[in-house]
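The file data-v1.txt comes next; it holds compact mmCIF, N, CA and C atoms.
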```txt
# COMPACT_ATOMS: atom_id res chain seq x y z
N MET A 1 86.56 96.53 136.09
CA MET A 1 86.71 95.50 135.09
C MET A 1 86.65 94.14 135.79
N THR A 2 85.83 93.24 135.27
CA THR A 2 85.69 91.92 135.87
C THR A 2 86.83 91.01 135.42
N SER A 3 86.98 89.87 136.10
CA SER A 3 88.03 88.93 135.68
C SER A 3 87.73 88.35 134.31
N ASP A 4 86.43 88.20 133.96
CA ASP A 4 86.07 87.73 132.62
C ASP A 4 86.51 88.71 131.55
N SER A 5 86.29 90.02 131.79
CA SER A 5 86.68 91.01 130.78
C SER A 5 88.20 91.11 130.70
N ARG A 6 88.91 90.97 131.85
CA ARG A 6 90.38 90.98 131.80
C ARG A 6 90.86 89.79 130.98
N ASN A 7 90.21 88.64 131.15
CA ASN A 7 90.60 87.44 130.43
C ASN A 7 90.41 87.62 128.92
N ILE A 8 89.25 88.13 128.50
CA ILE A 8 89.02 88.32 127.07
C ILE A 8 89.97 89.37 126.51
N TYR A 9 90.24 90.43 127.27
CA TYR A 9 91.17 91.46 126.81
C TYR A 9 92.54 90.83 126.59
N SER A 10 92.98 90.03 127.54
CA SER A 10 94.28 89.37 127.43
C SER A 10 94.32 88.45 126.21
N GLN A 11 93.25 87.67 126.02
CA GLN A 11 93.20 86.77 124.87
C GLN A 11 93.20 87.54 123.56
N LEU A 12 92.43 88.63 123.51
CA LEU A 12 92.39 89.43 122.28
C LEU A 12 93.74 90.10 122.01
N TYR A 13 94.40 90.57 123.05
CA TYR A 13 95.73 91.16 122.86
C TYR A 13 96.67 90.13 122.25
N ASP A 14 96.65 88.90 122.78
CA ASP A 14 97.50 87.83 122.25
C ASP A 14 97.16 87.53 120.79
N ILE A 15 95.87 87.47 120.47
CA ILE A 15 95.44 87.20 119.09
C ILE A 15 95.94 88.28 118.15
N VAL A 16 95.79 89.53 118.56
CA VAL A 16 96.21 90.65 117.71
C VAL A 16 97.72 90.60 117.47
N ILE A 17 98.49 90.41 118.52
CA ILE A 17 99.95 90.37 118.39
C ILE A 17 100.38 89.22 117.46
N LYS A 18 99.84 88.03 117.70
CA LYS A 18 100.25 86.85 116.93
C LYS A 18 99.79 86.90 115.47
N ASN A 19 98.61 87.46 115.21
CA ASN A 19 98.02 87.36 113.87
C ASN A 19 98.08 88.62 113.02
N THR A 20 98.40 89.76 113.62
CA THR A 20 98.42 90.99 112.83
C THR A 20 99.76 91.72 112.90
N GLY A 21 100.55 91.43 113.92
CA GLY A 21 101.81 92.14 114.10
C GLY A 21 101.66 93.47 114.83
N TYR A 22 100.43 93.90 115.06
CA TYR A 22 100.20 95.14 115.80
C TYR A 22 100.36 94.90 117.30
N ILE A 23 100.79 95.93 118.01
CA ILE A 23 100.89 95.89 119.46
C ILE A 23 99.69 96.66 120.02
N PRO A 24 98.79 95.97 120.73
CA PRO A 24 97.61 96.65 121.28
C PRO A 24 98.00 97.67 122.35
N LYS A 25 97.30 98.79 122.31
CA LYS A 25 97.52 99.84 123.31
C LYS A 25 96.29 99.97 124.21
N ASN A 26 95.11 99.94 123.60
CA ASN A 26 93.87 100.12 124.36
C ASN A 26 92.74 99.37 123.68
N LEU A 27 91.93 98.70 124.47
CA LEU A 27 90.76 97.97 123.97
C LEU A 27 89.55 98.45 124.75
N SER A 28 88.51 98.85 124.04
CA SER A 28 87.31 99.34 124.72
C SER A 28 86.06 98.88 123.98
N PRO A 29 84.97 98.66 124.70
CA PRO A 29 83.71 98.27 124.04
C PRO A 29 83.30 99.33 123.02
N PHE A 30 82.83 98.86 121.87
CA PHE A 30 82.44 99.77 120.79
C PHE A 30 80.93 99.89 120.69
N GLY A 31 80.21 98.87 121.18
CA GLY A 31 78.78 99.00 121.38
C GLY A 31 77.84 98.65 120.27
N ILE A 32 78.30 98.37 119.06
CA ILE A 32 77.35 98.04 118.00
C ILE A 32 77.59 96.60 117.57
N GLY A 33 76.55 95.79 117.63
CA GLY A 33 76.67 94.40 117.22
C GLY A 33 75.38 93.66 117.45
N ARG A 34 74.89 93.02 116.42
CA ARG A 34 73.60 92.35 116.51
C ARG A 34 73.66 91.08 117.36
N THR A 35 74.65 90.26 117.11
CA THR A 35 74.74 88.99 117.82
C THR A 35 76.10 88.78 118.45
N HIS A 36 76.88 89.84 118.57
CA HIS A 36 78.22 89.69 119.11
C HIS A 36 78.66 90.98 119.79
N GLN A 37 79.75 90.87 120.52
CA GLN A 37 80.33 92.05 121.17
C GLN A 37 81.31 92.69 120.20
N VAL A 38 81.37 94.01 120.23
CA VAL A 38 82.27 94.73 119.34
C VAL A 38 83.18 95.62 120.19
N TYR A 39 84.47 95.60 119.85
CA TYR A 39 85.46 96.38 120.57
C TYR A 39 86.25 97.25 119.59
N LEU A 40 86.71 98.38 120.08
CA LEU A 40 87.64 99.22 119.34
C LEU A 40 89.00 98.99 119.97
N LEU A 41 89.98 98.63 119.15
CA LEU A 41 91.32 98.38 119.65
C LEU A 41 92.27 99.39 119.02
N GLU A 42 92.91 100.18 119.85
CA GLU A 42 93.92 101.14 119.40
C GLU A 42 95.28 100.47 119.54
N THR A 43 96.13 100.66 118.54
CA THR A 43 97.45 100.02 118.56
C THR A 43 98.54 101.05 118.83
N SER A 44 99.72 100.54 119.14
CA SER A 44 100.86 101.43 119.38
C SER A 44 101.29 102.16 118.10
N ALA A 45 100.86 101.66 116.93
CA ALA A 45 101.17 102.31 115.66
C ALA A 45 100.08 103.32 115.27
N ASN A 46 99.22 103.65 116.25
CA ASN A 46 98.10 104.58 116.04
C ASN A 46 97.13 104.12 114.96
N GLU A 47 96.98 102.81 114.83
CA GLU A 47 95.96 102.22 113.95
C GLU A 47 94.77 101.85 114.83
N SER A 48 93.59 101.91 114.23
CA SER A 48 92.38 101.50 114.94
C SER A 48 91.85 100.22 114.30
N LEU A 49 91.57 99.24 115.14
CA LEU A 49 91.03 97.97 114.68
C LEU A 49 89.66 97.74 115.30
N ILE A 50 88.80 97.04 114.58
CA ILE A 50 87.49 96.65 115.11
C ILE A 50 87.55 95.15 115.37
N VAL A 51 87.18 94.74 116.56
CA VAL A 51 87.19 93.34 116.96
C VAL A 51 85.76 92.91 117.25
N ARG A 52 85.30 91.88 116.54
CA ARG A 52 83.96 91.34 116.76
C ARG A 52 84.11 89.95 117.38
N VAL A 53 83.40 89.73 118.47
CA VAL A 53 83.53 88.49 119.24
C VAL A 53 82.15 87.87 119.42
N ASN A 54 82.08 86.55 119.24
CA ASN A 54 80.82 85.83 119.41
C ASN A 54 81.04 84.63 120.31
N TYR A 55 80.30 84.59 121.42
CA TYR A 55 80.38 83.45 122.35
C TYR A 55 79.31 82.41 122.07
N GLY A 56 78.28 82.78 121.34
CA GLY A 56 77.13 81.91 121.11
C GLY A 56 77.44 80.70 120.25
N PRO A 57 76.45 79.83 120.10
CA PRO A 57 76.67 78.61 119.33
C PRO A 57 76.72 78.84 117.82
N HIS A 58 76.16 79.94 117.36
CA HIS A 58 76.08 80.18 115.92
C HIS A 58 77.03 81.30 115.51
N THR A 59 77.72 81.08 114.42
CA THR A 59 78.66 82.09 113.93
C THR A 59 78.27 82.57 112.54
N ARG A 60 77.02 82.34 112.14
CA ARG A 60 76.63 82.67 110.76
C ARG A 60 76.73 84.17 110.47
N HIS A 61 76.50 85.00 111.46
CA HIS A 61 76.62 86.44 111.21
C HIS A 61 78.07 86.84 110.96
N LEU A 62 78.98 86.28 111.75
CA LEU A 62 80.39 86.56 111.51
C LEU A 62 80.86 85.98 110.18
N SER A 63 80.43 84.75 109.87
CA SER A 63 80.84 84.16 108.59
C SER A 63 80.23 84.94 107.43
N GLY A 64 79.01 85.44 107.60
CA GLY A 64 78.39 86.28 106.57
C GLY A 64 79.15 87.58 106.38
N GLN A 65 79.60 88.17 107.49
CA GLN A 65 80.39 89.41 107.39
C GLN A 65 81.69 89.16 106.63
N ILE A 66 82.34 88.05 106.91
CA ILE A 66 83.58 87.72 106.23
C ILE A 66 83.32 87.56 104.73
N PHE A 67 82.29 86.78 104.39
CA PHE A 67 81.95 86.55 102.99
C PHE A 67 81.68 87.87 102.28
N TRP A 68 80.79 88.69 102.86
CA TRP A 68 80.38 89.92 102.17
C TRP A 68 81.47 90.98 102.15
N THR A 69 82.30 91.02 103.16
CA THR A 69 83.44 91.94 103.12
C THR A 69 84.33 91.60 101.94
N ASN A 70 84.62 90.31 101.76
CA ASN A 70 85.48 89.90 100.65
C ASN A 70 84.81 90.15 99.30
N GLU A 71 83.51 89.90 99.19
CA GLU A 71 82.80 90.16 97.93
C GLU A 71 82.80 91.66 97.59
N LEU A 72 82.55 92.49 98.60
CA LEU A 72 82.50 93.93 98.36
C LEU A 72 83.88 94.49 98.05
N LEU A 73 84.92 93.91 98.64
CA LEU A 73 86.29 94.33 98.31
C LEU A 73 86.60 94.07 96.84
N LYS A 74 86.10 92.92 96.34
CA LYS A 74 86.31 92.58 94.92
C LYS A 74 85.68 93.63 94.00
N LEU A 75 84.61 94.26 94.47
CA LEU A 75 83.94 95.29 93.68
C LEU A 75 84.60 96.65 93.81
N GLY A 76 85.63 96.72 94.65
CA GLY A 76 86.34 97.98 94.83
C GLY A 76 85.67 98.94 95.80
N LEU A 77 84.74 98.43 96.60
CA LEU A 77 84.06 99.29 97.56
C LEU A 77 84.92 99.49 98.81
N ALA A 78 84.74 100.61 99.46
CA ALA A 78 85.50 100.93 100.67
C ALA A 78 84.89 100.22 101.86
N VAL A 79 85.37 99.04 102.11
CA VAL A 79 84.96 98.27 103.29
C VAL A 79 86.21 97.94 104.08
N PRO A 80 86.06 97.68 105.37
CA PRO A 80 87.24 97.41 106.19
C PRO A 80 87.93 96.10 105.79
N LYS A 81 89.25 96.11 105.79
CA LYS A 81 90.03 94.92 105.48
C LYS A 81 90.04 93.98 106.69
N ILE A 82 89.79 92.71 106.43
CA ILE A 82 89.86 91.70 107.50
C ILE A 82 91.33 91.35 107.71
N LEU A 83 91.79 91.51 108.94
CA LEU A 83 93.18 91.18 109.26
C LEU A 83 93.32 89.72 109.69
N THR A 84 92.36 89.23 110.45
CA THR A 84 92.38 87.84 110.90
C THR A 84 91.00 87.46 111.41
N SER A 85 90.72 86.18 111.38
CA SER A 85 89.45 85.68 111.94
C SER A 85 89.61 84.21 112.27
N ASP A 86 88.80 83.76 113.20
CA ASP A 86 88.75 82.34 113.55
C ASP A 86 87.36 82.08 114.13
N LEU A 87 86.60 81.28 113.43
CA LEU A 87 85.24 80.97 113.87
C LEU A 87 85.15 79.62 114.55
N SER A 88 86.27 78.90 114.67
CA SER A 88 86.27 77.52 115.18
C SER A 88 86.05 77.41 116.69
N LYS A 89 86.42 78.42 117.45
CA LYS A 89 86.35 78.41 118.92
C LYS A 89 87.21 77.30 119.52
N GLN A 90 88.24 76.87 118.81
CA GLN A 90 89.10 75.81 119.32
C GLN A 90 90.29 76.35 120.11
N LYS A 91 90.82 77.51 119.71
CA LYS A 91 91.97 78.08 120.42
C LYS A 91 91.54 78.98 121.56
N VAL A 92 90.41 79.64 121.39
CA VAL A 92 89.82 80.49 122.42
C VAL A 92 88.32 80.17 122.45
N PRO A 93 87.63 80.48 123.56
CA PRO A 93 86.22 80.07 123.68
C PRO A 93 85.23 81.00 122.96
N PHE A 94 85.69 81.67 121.92
CA PHE A 94 84.81 82.56 121.18
C PHE A 94 85.30 82.63 119.73
N ALA A 95 84.36 82.95 118.84
CA ALA A 95 84.71 83.22 117.45
C ALA A 95 85.03 84.71 117.35
N TYR A 96 85.89 85.07 116.40
CA TYR A 96 86.23 86.49 116.28
C TYR A 96 86.61 86.85 114.85
N THR A 97 86.47 88.12 114.55
CA THR A 97 87.03 88.73 113.34
C THR A 97 87.67 90.04 113.78
N ILE A 98 88.78 90.36 113.14
CA ILE A 98 89.46 91.62 113.43
C ILE A 98 89.65 92.35 112.10
N TYR A 99 89.13 93.56 112.06
CA TYR A 99 89.16 94.39 110.86
C TYR A 99 90.00 95.63 111.12
N LYS A 100 90.53 96.19 110.04
CA LYS A 100 91.09 97.54 110.12
C LYS A 100 89.91 98.49 110.09
N LYS A 101 89.89 99.45 110.97
CA LYS A 101 88.78 100.42 111.01
C LYS A 101 88.96 101.42 109.88
N ILE A 102 87.87 101.70 109.18
CA ILE A 102 87.92 102.75 108.18
C ILE A 102 87.24 103.98 108.76
N GLU A 103 87.70 105.12 108.32
CA GLU A 103 87.13 106.37 108.82
C GLU A 103 85.71 106.53 108.31
N GLY A 104 84.91 107.20 109.09
CA GLY A 104 83.54 107.46 108.69
C GLY A 104 82.58 107.06 109.79
N LYS A 105 81.32 107.26 109.50
CA LYS A 105 80.26 106.98 110.45
C LYS A 105 79.61 105.64 110.12
N ASP A 106 79.32 104.86 111.14
CA ASP A 106 78.65 103.58 110.95
C ASP A 106 77.30 103.81 110.27
N LEU A 107 76.97 102.96 109.29
CA LEU A 107 75.71 103.14 108.56
C LEU A 107 74.49 103.12 109.47
N VAL A 108 74.54 102.31 110.52
CA VAL A 108 73.41 102.28 111.46
C VAL A 108 73.22 103.65 112.09
N LEU A 109 74.31 104.30 112.47
CA LEU A 109 74.23 105.63 113.06
C LEU A 109 73.88 106.68 112.01
N GLU A 110 74.40 106.50 110.82
CA GLU A 110 74.14 107.45 109.74
C GLU A 110 72.66 107.47 109.37
N TYR A 111 72.06 106.30 109.27
CA TYR A 111 70.65 106.21 108.88
C TYR A 111 69.77 107.00 109.85
N SER A 112 70.03 106.86 111.13
CA SER A 112 69.19 107.54 112.12
C SER A 112 69.32 109.06 112.05
N SER A 113 70.38 109.55 111.44
CA SER A 113 70.55 111.00 111.35
C SER A 113 70.02 111.59 110.03
N LEU A 114 69.56 110.73 109.12
CA LEU A 114 69.06 111.21 107.84
C LEU A 114 67.69 111.87 107.96
N LYS A 115 67.44 112.83 107.10
CA LYS A 115 66.12 113.43 107.02
C LYS A 115 65.17 112.43 106.38
N ARG A 116 63.89 112.62 106.62
CA ARG A 116 62.86 111.67 106.17
C ARG A 116 62.96 111.35 104.67
N LYS A 117 63.18 112.36 103.83
CA LYS A 117 63.25 112.15 102.39
C LYS A 117 64.40 111.21 102.02
N ARG A 118 65.54 111.39 102.67
CA ARG A 118 66.69 110.52 102.40
C ARG A 118 66.46 109.11 102.92
N ARG A 119 65.79 108.99 104.06
CA ARG A 119 65.47 107.66 104.60
C ARG A 119 64.58 106.89 103.64
N LYS A 120 63.63 107.58 103.04
CA LYS A 120 62.71 106.93 102.10
C LYS A 120 63.45 106.47 100.84
N ALA A 121 64.50 107.18 100.45
CA ALA A 121 65.25 106.82 99.24
C ALA A 121 66.18 105.63 99.47
N TRP A 122 66.58 105.42 100.70
CA TRP A 122 67.56 104.37 101.01
C TRP A 122 67.13 102.99 100.50
N PRO A 123 65.90 102.50 100.77
CA PRO A 123 65.52 101.18 100.26
C PRO A 123 65.62 101.06 98.74
N ASN A 124 65.31 102.13 98.01
CA ASN A 124 65.44 102.08 96.55
C ASN A 124 66.90 101.88 96.15
N ASN A 125 67.80 102.55 96.84
CA ASN A 125 69.22 102.37 96.55
C ASN A 125 69.66 100.94 96.83
N ILE A 126 69.19 100.37 97.91
CA ILE A 126 69.54 98.99 98.25
C ILE A 126 68.96 98.04 97.21
N ASN A 127 67.73 98.25 96.79
CA ASN A 127 67.12 97.39 95.78
C ASN A 127 67.85 97.48 94.45
N THR A 128 68.31 98.66 94.09
CA THR A 128 69.09 98.82 92.86
C THR A 128 70.36 97.97 92.95
N TYR A 129 71.01 98.01 94.10
CA TYR A 129 72.22 97.21 94.31
C TYR A 129 71.90 95.72 94.23
N ARG A 130 70.81 95.31 94.85
CA ARG A 130 70.44 93.89 94.84
C ARG A 130 70.17 93.39 93.42
N LYS A 131 69.54 94.21 92.61
CA LYS A 131 69.27 93.81 91.22
C LYS A 131 70.57 93.71 90.43
N LYS A 132 71.50 94.59 90.73
CA LYS A 132 72.77 94.59 90.01
C LYS A 132 73.63 93.40 90.42
N TYR A 133 73.52 92.97 91.66
CA TYR A 133 74.32 91.86 92.18
C TYR A 133 73.38 90.79 92.75
N PRO A 134 72.84 89.90 91.88
CA PRO A 134 71.82 88.94 92.34
C PRO A 134 72.31 87.96 93.41
N LEU A 135 73.61 87.65 93.44
CA LEU A 135 74.11 86.76 94.49
C LEU A 135 73.85 87.37 95.86
N TYR A 136 74.04 88.67 95.95
CA TYR A 136 73.77 89.37 97.19
C TYR A 136 72.31 89.21 97.58
N LEU A 137 71.42 89.33 96.63
CA LEU A 137 69.99 89.16 96.89
C LEU A 137 69.68 87.77 97.43
N ARG A 138 70.27 86.77 96.80
CA ARG A 138 70.03 85.39 97.27
C ARG A 138 70.53 85.20 98.70
N MET A 139 71.69 85.74 99.03
CA MET A 139 72.23 85.58 100.39
C MET A 139 71.36 86.30 101.42
N ILE A 140 70.88 87.49 101.07
CA ILE A 140 70.02 88.22 102.00
C ILE A 140 68.76 87.41 102.28
N ASN A 141 68.20 86.81 101.24
CA ASN A 141 66.98 86.00 101.43
C ASN A 141 67.27 84.77 102.27
N MET A 142 68.44 84.16 102.10
CA MET A 142 68.78 82.97 102.89
C MET A 142 68.98 83.31 104.35
N GLU A 143 69.53 84.49 104.62
CA GLU A 143 69.81 84.86 106.01
C GLU A 143 68.59 85.39 106.72
N GLY A 144 67.51 85.62 106.00
CA GLY A 144 66.27 86.06 106.62
C GLY A 144 66.29 87.49 106.94
```

Take the structure I supplied and represent it as structure tokens, if you would.
Amino acid sequence: MTSDSRNIYSQLYDIVIKNTGYIPKNLSPFGIGRTHQVYLLETSANESLIVRVNYGPHTRHLSGQIFWTNELLKLGLAVPKILTSDLSKQKVPFAYTIYKKIEGKDLVLEYSSLKRKRRKAWPNNINTYRKKYPLYLRMINMEG
């Protein structure tokens, strides 16, 4: 473990304790993230948290995740609850969001395991959702 990773682990432990009340037990790279690093954090209460960290100049993906998580929660969909987030990079040199992990397989991993027929049906399901929720469609178009 490098001194940089020890430093981020220490900072994330402090953030979790101060903002969620959980006591971190173990933090490990989780490996999935388009523009940020993702960690799995196990707590002393046997809860699993997902921590997304962004060092770059842009936080639009994290802010988009926060927005859409809250919108999807309003619809009653099973999405992870956001415990805390800070995109300002003023207290620590990175933006972050911390979610409660929900059980199940990541959609990115799930898609790759689908049979061809199911993969072909997936875009139709997404388009049906977009038509039902036009705000979602507008946001997807804005984000490119």

Item checked: Minimum-distance residue to Asn19 of chain A, chosen among A:Lys117, A:Glu110, A:Leu83, A:Thr59 (using only N, CA and C atoms) ->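 Closest to Asn19 of chain A, using only N, CA and C atoms: A:Leu83.
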
Next item on the list: Find the residue from A:Ala121, A:Leu49, A:Ala78, A:Leu87 that sits nearest to Gly64 of chain A; use only C-alpha atoms when measuring.
Entry: A:Leu87

Checklist line | Residues within 7 Å of segment 40-48 of chain A, all atoms listed in the file, excluding chain neighbours under 4 positions, as a list of chain:residue names | finding: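 Non-adjacent residues within range: A:Tyr22, A:Ile23, A:Pro24, A:Lys25, A:Asn26, A:Leu27, A:Ser28, A:Pro29, A:Phe30, A:Gly31, A:Tyr99, A:Lys100, A:Lys101, A:Ile102.
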
Next item on the list: Please measure the separation of atom N of Thr97 of chain A and atom CA of Arg52 of chain A, giving the value in Å to one decimal.
Entry: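 Computed distance, atom N of Thr97 of chain A to atom CA of Arg52 of chain A, equals 4.6 Å.
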